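Here is the file input13.cif (mmCIF, C-alpha atoms and all ligand atoms).
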```cif
data_entry
#
loop_
_atom_site.label_atom_id
_atom_site.label_comp_id
_atom_site.auth_asym_id
_atom_site.auth_seq_id
_atom_site.Cartn_x
_atom_site.Cartn_y
_atom_site.Cartn_z
CA MET A 1 162.20 -126.64 -47.14
CA LYS A 2 159.47 -126.16 -44.58
CA PHE A 3 158.54 -122.68 -43.35
CA PHE A 4 157.97 -122.06 -39.67
CA LEU A 5 156.85 -118.66 -38.43
CA ASP A 6 159.08 -117.25 -35.68
CA THR A 7 156.49 -115.31 -33.73
CA GLY A 8 154.12 -115.30 -30.79
CA ASN A 9 151.68 -113.07 -32.64
CA VAL A 10 148.46 -114.89 -33.36
CA GLU A 11 147.24 -112.34 -35.95
CA GLU A 12 150.44 -112.69 -38.02
CA ILE A 13 149.98 -116.47 -37.95
CA ARG A 14 146.29 -116.29 -38.98
CA ARG A 15 147.16 -114.06 -41.96
CA ILE A 16 149.92 -116.28 -43.34
CA VAL A 17 148.20 -119.61 -42.59
CA LYS A 18 145.63 -118.60 -45.24
CA LEU A 19 148.39 -118.89 -47.88
CA GLY A 20 149.30 -122.44 -46.91
CA LEU A 21 152.81 -121.31 -45.99
CA VAL A 22 152.97 -122.17 -42.30
CA ASP A 23 154.36 -125.62 -41.56
CA GLY A 24 154.96 -124.81 -37.90
CA VAL A 25 155.74 -122.03 -35.41
CA THR A 26 158.64 -121.25 -33.10
CA THR A 27 158.46 -118.94 -30.11
CA ASN A 28 160.97 -117.87 -27.49
CA PRO A 29 160.65 -115.96 -24.21
CA SER A 30 161.41 -112.62 -25.92
CA LEU A 31 158.72 -113.16 -28.57
CA ILE A 32 156.18 -114.22 -25.92
CA ALA A 33 157.06 -111.17 -23.77
CA LYS A 34 156.30 -108.88 -26.75
CA GLU A 35 152.70 -110.12 -26.81
CA GLY A 36 152.02 -109.25 -23.14
CA ARG A 37 149.74 -112.28 -22.79
CA ASP A 38 149.72 -115.52 -20.82
CA PHE A 39 152.30 -117.99 -22.20
CA LYS A 40 150.09 -121.08 -22.06
CA GLN A 41 147.13 -119.26 -23.63
CA VAL A 42 149.25 -117.98 -26.53
CA ILE A 43 150.74 -121.42 -27.22
CA GLN A 44 147.38 -123.17 -27.06
CA GLU A 45 145.85 -120.59 -29.38
CA ILE A 46 148.70 -121.04 -31.90
CA CYS A 47 148.42 -124.84 -31.65
CA GLY A 48 144.75 -124.49 -32.52
CA ILE A 49 145.54 -122.53 -35.70
CA VAL A 50 148.57 -124.47 -36.95
CA SER A 51 148.58 -128.25 -37.19
CA GLY A 52 152.39 -128.50 -37.46
CA PRO A 53 154.90 -128.33 -34.59
CA VAL A 54 154.79 -125.30 -32.27
CA SER A 55 157.87 -124.72 -30.11
CA ALA A 56 157.42 -123.42 -26.54
CA GLU A 57 160.57 -122.74 -24.52
CA VAL A 58 161.37 -123.69 -20.94
CA ILE A 59 162.81 -121.11 -18.57
CA GLY A 60 164.56 -123.34 -16.00
CA LEU A 61 168.32 -123.70 -16.01
CA GLU A 62 168.56 -127.03 -14.16
CA ALA A 63 167.67 -130.32 -15.85
CA GLU A 64 165.11 -131.31 -13.21
CA GLY A 65 163.22 -128.02 -13.55
CA MET A 66 163.38 -128.15 -17.35
CA ILE A 67 161.95 -131.67 -17.37
CA ARG A 68 159.15 -130.61 -15.01
CA GLU A 69 158.29 -127.64 -17.25
CA ALA A 70 158.53 -129.87 -20.33
CA HIS A 71 156.04 -132.36 -18.88
CA ASP A 72 153.61 -129.52 -18.29
CA ILE A 73 154.12 -127.91 -21.73
CA ALA A 74 153.78 -131.28 -23.49
CA GLN A 75 150.21 -131.52 -22.10
CA TRP A 76 149.12 -128.19 -23.60
CA ALA A 77 148.50 -129.48 -27.14
CA PRO A 78 149.31 -132.54 -29.23
CA ASN A 79 151.52 -130.54 -31.62
CA VAL A 80 153.58 -128.69 -29.02
CA VAL A 81 157.39 -129.12 -29.05
CA VAL A 82 159.49 -128.34 -25.99
CA LYS A 83 162.31 -125.91 -26.70
CA LEU A 84 165.42 -126.28 -24.54
CA PRO A 85 168.65 -124.29 -24.39
CA MET A 86 171.92 -125.83 -25.60
CA THR A 87 173.52 -126.42 -22.20
CA GLU A 88 174.59 -129.49 -20.24
CA ALA A 89 171.28 -129.40 -18.36
CA GLY A 90 169.44 -128.88 -21.66
CA LEU A 91 171.12 -131.98 -23.10
CA GLU A 92 170.21 -134.05 -20.04
CA ALA A 93 166.60 -132.95 -20.32
CA THR A 94 166.58 -133.55 -24.09
CA TYR A 95 167.89 -137.09 -23.60
CA GLN A 96 165.32 -137.93 -20.95
CA LEU A 97 162.44 -136.37 -22.91
CA ALA A 98 163.49 -138.29 -26.03
CA GLN A 99 163.20 -141.54 -24.03
CA GLU A 100 159.66 -140.50 -23.11
CA GLY A 101 158.75 -139.69 -26.73
CA ILE A 102 158.44 -135.93 -26.10
CA LYS A 103 159.57 -133.82 -29.06
CA THR A 104 162.29 -131.24 -28.44
CA ASN A 105 163.91 -128.31 -30.20
CA VAL A 106 167.40 -127.49 -28.91
CA THR A 107 167.91 -123.78 -29.34
CA LEU A 108 170.84 -121.34 -29.27
CA VAL A 109 173.09 -123.62 -31.32
CA PHE A 110 176.21 -121.78 -32.52
CA SER A 111 178.64 -124.56 -33.49
CA VAL A 112 178.76 -127.92 -35.22
CA ALA A 113 179.87 -129.51 -31.94
CA GLN A 114 176.79 -128.18 -30.13
CA GLY A 115 174.46 -129.34 -32.89
CA LEU A 116 176.01 -132.79 -32.97
CA MET A 117 175.68 -133.12 -29.17
CA ALA A 118 172.01 -132.15 -29.30
CA ALA A 119 171.29 -134.56 -32.14
CA LYS A 120 173.02 -137.40 -30.30
CA ALA A 121 171.00 -136.60 -27.17
CA GLY A 122 167.88 -137.23 -29.26
CA ALA A 123 166.68 -133.73 -30.18
CA THR A 124 163.87 -133.73 -32.73
CA TYR A 125 165.06 -130.34 -34.01
CA ILE A 126 168.16 -128.18 -33.58
CA SER A 127 168.14 -124.44 -34.14
CA PRO A 128 171.38 -122.88 -35.38
CA PHE A 129 171.12 -119.08 -35.05
CA VAL A 130 172.28 -117.70 -38.40
CA GLY A 131 171.72 -113.96 -37.85
CA ARG A 132 173.34 -113.83 -34.43
CA LEU A 133 176.46 -115.54 -35.83
CA ASP A 134 176.55 -113.12 -38.77
CA ASP A 135 176.33 -110.30 -36.20
CA ILE A 136 179.69 -111.34 -34.73
CA GLY A 137 181.32 -111.79 -38.12
CA VAL A 138 180.93 -115.58 -38.34
CA ASP A 139 179.25 -117.15 -41.39
CA GLY A 140 175.97 -118.41 -39.89
CA MET A 141 174.85 -120.16 -43.04
CA ALA A 142 178.07 -122.20 -43.17
CA LEU A 143 176.99 -123.67 -39.82
CA VAL A 144 173.64 -124.73 -41.27
CA LYS A 145 175.37 -126.36 -44.22
CA ASN A 146 178.00 -128.11 -42.09
CA LEU A 147 175.42 -129.39 -39.62
CA GLY A 148 173.48 -130.86 -42.54
CA LEU A 149 176.57 -132.69 -43.77
CA VAL A 150 177.40 -134.06 -40.32
CA LEU A 151 173.86 -135.24 -39.54
CA GLN A 152 173.63 -136.90 -42.94
CA GLN A 153 177.03 -138.54 -42.58
CA TYR A 154 176.00 -140.26 -39.34
CA GLY A 155 172.39 -140.97 -40.25
CA LEU A 156 171.05 -138.74 -37.46
CA ARG A 157 167.40 -137.91 -38.02
CA THR A 158 167.32 -134.58 -36.18
CA GLU A 159 165.94 -131.78 -38.37
CA ILE A 160 167.74 -128.48 -38.77
CA ILE A 161 165.76 -125.29 -38.24
CA ALA A 162 167.69 -122.33 -39.66
CA ALA A 163 166.86 -119.72 -37.01
CA SER A 164 167.60 -116.05 -36.39
CA ILE A 165 166.71 -115.39 -40.01
CA ARG A 166 166.89 -111.70 -40.89
CA SER A 167 166.55 -111.35 -44.67
CA ILE A 168 165.22 -112.83 -47.91
CA ALA A 169 168.82 -113.80 -48.73
CA HIS A 170 168.97 -115.79 -45.47
CA VAL A 171 165.85 -117.74 -46.49
CA GLU A 172 167.22 -118.46 -49.97
CA LEU A 173 170.62 -119.48 -48.64
CA ALA A 174 169.03 -121.71 -45.97
CA ALA A 175 167.20 -123.55 -48.76
CA LEU A 176 170.43 -123.86 -50.76
CA ALA A 177 172.29 -125.04 -47.65
CA GLY A 178 169.74 -127.85 -47.26
CA ALA A 179 168.06 -126.72 -44.02
CA HIS A 180 164.98 -128.84 -43.37
CA ILE A 181 163.18 -125.77 -42.06
CA ALA A 182 163.65 -122.00 -41.90
CA THR A 183 161.90 -120.21 -39.08
CA ILE A 184 161.04 -116.76 -40.36
CA PRO A 185 159.86 -113.68 -38.44
CA GLY A 186 156.21 -112.81 -39.12
CA SER A 187 157.30 -109.38 -40.38
CA LEU A 188 159.81 -110.83 -42.87
CA LEU A 189 157.78 -113.63 -44.42
CA PRO A 190 155.34 -111.35 -46.32
CA THR A 191 158.33 -109.73 -48.08
CA LEU A 192 159.28 -113.09 -49.60
CA TRP A 193 156.57 -113.07 -52.20
CA LYS A 194 157.28 -109.47 -53.28
CA HIS A 195 159.55 -108.21 -56.05
CA PRO A 196 159.63 -104.68 -57.53
CA LEU A 197 159.63 -106.10 -61.08
CA THR A 198 156.40 -107.98 -60.31
CA ASP A 199 154.73 -104.69 -59.31
CA ILE A 200 156.14 -102.87 -62.36
CA GLY A 201 154.99 -105.78 -64.55
CA ILE A 202 151.43 -105.63 -63.21
CA ALA A 203 151.28 -101.85 -63.69
CA ARG A 204 152.52 -102.18 -67.29
CA PHE A 205 150.03 -104.93 -68.13
CA LEU A 206 147.17 -102.84 -66.75
CA LYS A 207 148.34 -99.77 -68.69
CA ASP A 208 148.63 -101.74 -71.95
CA TRP A 209 145.23 -103.30 -71.31
CA GLU A 210 143.70 -99.81 -71.53
CA SER A 211 144.49 -99.75 -75.29
CA VAL A 212 142.75 -103.09 -75.97
CA PRO A 213 139.48 -102.35 -77.85
CA LYS A 214 136.54 -103.16 -75.59
CA THR A 215 133.34 -104.42 -77.19
C1 LIG B 1 164.48 -119.37 -32.99
O1 LIG B 1 163.81 -120.32 -32.64
C2 LIG B 1 164.50 -118.09 -32.32
O2 LIG B 1 163.22 -117.84 -31.78
C3 LIG B 1 164.79 -116.93 -33.24
O3 LIG B 1 165.01 -117.35 -34.56
C4 LIG B 1 165.81 -115.96 -32.72
O4 LIG B 1 165.98 -114.92 -33.66
P1 LIG B 1 166.70 -113.54 -33.31
O5 LIG B 1 168.18 -113.79 -33.26
O6 LIG B 1 166.33 -112.62 -34.44
O7 LIG B 1 166.15 -113.11 -31.98
#
```

Show me this structure written as structure tokens.
Amino acid sequence: MKFFLDTGNVEEIRRIVKLGLVDGVTTNPSLIAKEGRDFKQVIQEICGIVSGPVSAEVIGLEAEGMIREAHDIAQWAPNVVVKLPMTEAGLEATYQLAQEGIKTNVTLVFSVAQGLMAAKAGATYISPFVGRLDDIGVDGMALVKNLGLVLQQYGLRTEIIAASIRSIAHVELAALAGAHIATIPGSLLPTLWKHPLTDIGIARFLKDWESVPKT
């Protein structure tokens, strides 16, 4: 499973890139707003740090406007991916952009039907939102698993990004569910390599080492 960082924060990305763990980045308007910086500048800076796909989301609600924005965004960097909402207009834009060879990530996917529509329209990626489904009492990870089965069954090459990831368990379950990618908040990813028993183990080794005769 690939790891994307779900953040617009360049410092978080720089820190984790050093570990070889960043296969790509996803952003959304809320994450960009948190940074208080120019959208294009942030995306271009991220694209300069990460060689994998970097998703930048359109704001328009009509297909024509989305396609116009997408054409602009697609010029920003060679590895940029245009993120589009899962709506009728989003599907129209996805279909047209796919014909033009522009990569897309259809976001805000909450059902198998939506994911299947986006894949058929030619989306490069679809983003089922696991955490937001869990929030309303629906099993978000079941959606990831079911989407995987459906895409595989019909030979659709769209990749699944498990999104709205909130916990280490979400990351582990996304891998078990066969997600191609998990997009993980910059604050959560550093907790993935930690375990209390690792820290206790290191402390014990160091303590025991004190009794080893030193020459
Ligand atoms: C995905 O691309 C979205 O940016 C993100 O995962 C949304 O997560 P949230 O539900 O925690 O806002």

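Using only C-alpha atoms and all ligand atoms, the smallest distance between any of A:Leu84, A:Leu143, A:Ala70, A:Ala177 and ligand LIG 1 (chain B) comes from A:Leu84.
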
Using all atoms listed in the file, find the one residue out of A:Glu100, A:Asp134, A:Glu69, A:Glu57 that sits nearest to Ile43 of chain A. A:Glu57

Go through chain A and flag each residue having an atom no more than 9 Å from ligand LIG 1 (chain B); for those, report the closest pair of atoms plus their distance in Å to one decimal, using only C-alpha atoms and all ligand atoms, ordered by chain and rising number, as JSON lines.
```
{"residue": "A:Asp6", "atom": "CA", "partner": "B:LIG1", "partner_atom": "O2", "distance": 5.7}
{"residue": "A:Thr7", "atom": "CA", "partner": "B:LIG1", "partner_atom": "O2", "distance": 7.4}
{"residue": "A:Val25", "atom": "CA", "partner": "B:LIG1", "partner_atom": "O1", "distance": 8.7}
{"residue": "A:Thr26", "atom": "CA", "partner": "B:LIG1", "partner_atom": "O1", "distance": 5.3}
{"residue": "A:Thr27", "atom": "CA", "partner": "B:LIG1", "partner_atom": "O2", "distance": 5.2}
{"residue": "A:Asn28", "atom": "CA", "partner": "B:LIG1", "partner_atom": "O2", "distance": 4.8}
{"residue": "A:Pro29", "atom": "CA", "partner": "B:LIG1", "partner_atom": "O2", "distance": 8.2}
{"residue": "A:Ser30", "atom": "CA", "partner": "B:LIG1", "partner_atom": "O7", "distance": 7.7}
{"residue": "A:Leu31", "atom": "CA", "partner": "B:LIG1", "partner_atom": "O2", "distance": 7.2}
{"residue": "A:Ser55", "atom": "CA", "partner": "B:LIG1", "partner_atom": "O1", "distance": 7.8}
{"residue": "A:Lys83", "atom": "CA", "partner": "B:LIG1", "partner_atom": "O1", "distance": 8.3}
{"residue": "A:Asn105", "atom": "CA", "partner": "B:LIG1", "partner_atom": "O1", "distance": 8.4}
{"residue": "A:Val106", "atom": "CA", "partner": "B:LIG1", "partner_atom": "O1", "distance": 8.8}
{"residue": "A:Thr107", "atom": "CA", "partner": "B:LIG1", "partner_atom": "O1", "distance": 6.3}
{"residue": "A:Leu108", "atom": "CA", "partner": "B:LIG1", "partner_atom": "C1", "distance": 7.6}
{"residue": "A:Ser127", "atom": "CA", "partner": "B:LIG1", "partner_atom": "O1", "distance": 6.2}
{"residue": "A:Pro128", "atom": "CA", "partner": "B:LIG1", "partner_atom": "C1", "distance": 8.1}
{"residue": "A:Phe129", "atom": "CA", "partner": "B:LIG1", "partner_atom": "O5", "distance": 6.3}
{"residue": "A:Val130", "atom": "CA", "partner": "B:LIG1", "partner_atom": "O5", "distance": 7.6}
{"residue": "A:Gly131", "atom": "CA", "partner": "B:LIG1", "partner_atom": "O5", "distance": 5.8}
{"residue": "A:Arg132", "atom": "CA", "partner": "B:LIG1", "partner_atom": "O5", "distance": 5.3}
{"residue": "A:Leu133", "atom": "CA", "partner": "B:LIG1", "partner_atom": "O5", "distance": 8.8}
{"residue": "A:Ile161", "atom": "CA", "partner": "B:LIG1", "partner_atom": "O1", "distance": 7.7}
{"residue": "A:Ala162", "atom": "CA", "partner": "B:LIG1", "partner_atom": "O3", "distance": 7.6}
{"residue": "A:Ala163", "atom": "CA", "partner": "B:LIG1", "partner_atom": "O3", "distance": 3.9}
{"residue": "A:Ser164", "atom": "CA", "partner": "B:LIG1", "partner_atom": "O4", "distance": 3.4}
{"residue": "A:Ile165", "atom": "CA", "partner": "B:LIG1", "partner_atom": "O3", "distance": 6.0}
{"residue": "A:Arg166", "atom": "CA", "partner": "B:LIG1", "partner_atom": "O6", "distance": 6.5}
{"residue": "A:Ala182", "atom": "CA", "partner": "B:LIG1", "partner_atom": "O3", "distance": 8.8}
{"residue": "A:Thr183", "atom": "CA", "partner": "B:LIG1", "partner_atom": "O3", "distance": 6.2}
{"residue": "A:Ile184", "atom": "CA", "partner": "B:LIG1", "partner_atom": "O3", "distance": 7.1}
{"residue": "A:Pro185", "atom": "CA", "partner": "B:LIG1", "partner_atom": "O3", "distance": 7.4}
```

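Nearest-residue note for Ala179 of chain A: choosing from A:Ala142, A:Ile202, A:Ile46, A:Ile160, the minimum distance belongs to A:Ile160, counting only C-alpha atoms.
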
Show me, as a list of chain:residue names, the residues that have an atom within 9 Å of segment 154-156 of chain A when counting all atoms listed in the file, minus same-chain residues fewer than 4 positions from it. A:Leu116, A:Ala119, A:Lys120, A:Gly122, A:Leu149, A:Val150

Would you save the residues from that selection as a PDB file, in the coordinates of the input, using C-alpha atoms?
```pdb
ATOM      1  CA  LEU A 116     176.010-132.790 -32.970  1.00  0.00           C
ATOM      2  CA  ALA A 119     171.290-134.560 -32.140  1.00  0.00           C
ATOM      3  CA  LYS A 120     173.020-137.400 -30.300  1.00  0.00           C
ATOM      4  CA  GLY A 122     167.880-137.230 -29.260  1.00  0.00           C
ATOM      5  CA  LEU A 149     176.570-132.690 -43.770  1.00  0.00           C
ATOM      6  CA  VAL A 150     177.400-134.060 -40.320  1.00  0.00           C
TER       7      VAL A 150
END
```

Distance in Å - atom CA of Leu19 of chain A versus atom CA of Ser187 of chain A: 15.0 Å

Between atom CA of Glu12 of chain A and atom CA of Ile181 of chain A, what is the spacing in Å?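 Rounded to one decimal, the two atoms are 18.7 Å apart.
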
Check the smallest atom-to-atom distance from each of A:Met141, A:Ile200, A:Ile13, A:Leu97 to Val171 of chain A using only C-alpha atoms, then report the winner.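 So, comparing all the options, the nearest one is A:Met141.
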
Could you tell me how far atom CA of Ala121 of chain A lies from atom CA of Val22 of chain A, in Å and to one decimal? 27.6 Å

So, with all atoms listed in the file as the atoms that count, which of A:Gly140, A:Pro196, A:Gly36, A:Pro53 lies closest to Phe3 of chain A?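 Distance minimum relative to Phe3 of chain A lands on A:Pro53.
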
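Comparing A:Asp199, A:Ala98, A:Ile126, A:Phe4 by their smallest distance to Ser111 of chain A, the closest is A:Ile126 (using all atoms listed in the file).
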
Set up a box along x, y and z of the file covering all listed atoms of segment 21-29 of chain A, add 5 Å on every one of the six sides, and write the centre and edge lengths in Å to one decimal, as AutoDock Vina command-line options.
```
--center_x 156.9 --center_y -120.8 --center_z -35.1 --size_x 18.2 --size_y 19.7 --size_z 31.8
```

Find the residues with any atom within 12 Å of (156.1, -128.9, -16.6); use all atoms listed in the file and the coordinates as given in the file, and write the answer as a compact mmCIF listing (two decimals) with C-alpha atoms, in the coordinates of the input.
```
# COMPACT_ATOMS: atom_id res chain seq x y z
CA LYS A 40 150.09 -121.08 -22.06
CA ALA A 56 157.42 -123.42 -26.54
CA GLU A 57 160.57 -122.74 -24.52
CA VAL A 58 161.37 -123.69 -20.94
CA ILE A 59 162.81 -121.11 -18.57
CA GLY A 60 164.56 -123.34 -16.00
CA ALA A 63 167.67 -130.32 -15.85
CA GLU A 64 165.11 -131.31 -13.21
CA GLY A 65 163.22 -128.02 -13.55
CA MET A 66 163.38 -128.15 -17.35
CA ILE A 67 161.95 -131.67 -17.37
CA ARG A 68 159.15 -130.61 -15.01
CA GLU A 69 158.29 -127.64 -17.25
CA ALA A 70 158.53 -129.87 -20.33
CA HIS A 71 156.04 -132.36 -18.88
CA ASP A 72 153.61 -129.52 -18.29
CA ILE A 73 154.12 -127.91 -21.73
CA ALA A 74 153.78 -131.28 -23.49
CA GLN A 75 150.21 -131.52 -22.10
CA TRP A 76 149.12 -128.19 -23.60
CA VAL A 82 159.49 -128.34 -25.99
CA ALA A 93 166.60 -132.95 -20.32
CA LEU A 97 162.44 -136.37 -22.91
```

Write out N, CA and C atoms for segment 78-91 of chain A, as a JSON list (two decimals), in the frame of the given file.
```
[["chain", "number", "residue", "atom", "x", "y", "z"],
["A", 78, "PRO", "N", 148.61, -131.39, -28.65],
["A", 78, "PRO", "CA", 149.31, -132.54, -29.23],
["A", 78, "PRO", "C", 150.49, -132.16, -30.12],
["A", 79, "ASN", "N", 150.46, -130.93, -30.69],
["A", 79, "ASN", "CA", 151.52, -130.54, -31.62],
["A", 79, "ASN", "C", 152.59, -129.64, -31.00],
["A", 80, "VAL", "N", 152.59, -129.56, -29.66],
["A", 80, "VAL", "CA", 153.58, -128.69, -29.02],
["A", 80, "VAL", "C", 154.94, -129.40, -28.96],
["A", 81, "VAL", "N", 156.01, -128.61, -29.13],
["A", 81, "VAL", "CA", 157.39, -129.12, -29.05],
["A", 81, "VAL", "C", 158.08, -128.33, -27.95],
["A", 82, "VAL", "N", 158.83, -129.03, -27.11],
["A", 82, "VAL", "CA", 159.49, -128.34, -25.99],
["A", 82, "VAL", "C", 160.86, -127.83, -26.45],
["A", 83, "LYS", "N", 161.04, -126.52, -26.28],
["A", 83, "LYS", "CA", 162.31, -125.91, -26.70],
["A", 83, "LYS", "C", 163.23, -125.80, -25.48],
["A", 84, "LEU", "N", 164.47, -126.23, -25.66],
["A", 84, "LEU", "CA", 165.42, -126.28, -24.54],
["A", 84, "LEU", "C", 166.72, -125.61, -24.96],
["A", 85, "PRO", "N", 167.39, -124.93, -24.01],
["A", 85, "PRO", "CA", 168.65, -124.29, -24.39],
["A", 85, "PRO", "C", 169.79, -125.29, -24.52],
["A", 86, "MET", "N", 170.77, -124.96, -25.34],
["A", 86, "MET", "CA", 171.92, -125.83, -25.60],
["A", 86, "MET", "C", 172.94, -125.71, -24.46],
["A", 87, "THR", "N", 172.62, -126.40, -23.36],
["A", 87, "THR", "CA", 173.52, -126.42, -22.20],
["A", 87, "THR", "C", 173.62, -127.87, -21.75],
["A", 88, "GLU", "N", 174.47, -128.13, -20.76],
["A", 88, "GLU", "CA", 174.59, -129.49, -20.24],
["A", 88, "GLU", "C", 173.23, -129.94, -19.70],
["A", 89, "ALA", "N", 172.59, -129.05, -18.92],
["A", 89, "ALA", "CA", 171.28, -129.40, -18.36],
["A", 89, "ALA", "C", 170.25, -129.60, -19.48],
["A", 90, "GLY", "N", 170.35, -128.76, -20.52],
["A", 90, "GLY", "CA", 169.44, -128.88, -21.66],
["A", 90, "GLY", "C", 169.61, -130.22, -22.36],
["A", 91, "LEU", "N", 170.86, -130.68, -22.46],
["A", 91, "LEU", "CA", 171.12, -131.98, -23.10],
["A", 91, "LEU", "C", 170.55, -133.12, -22.26]]
```
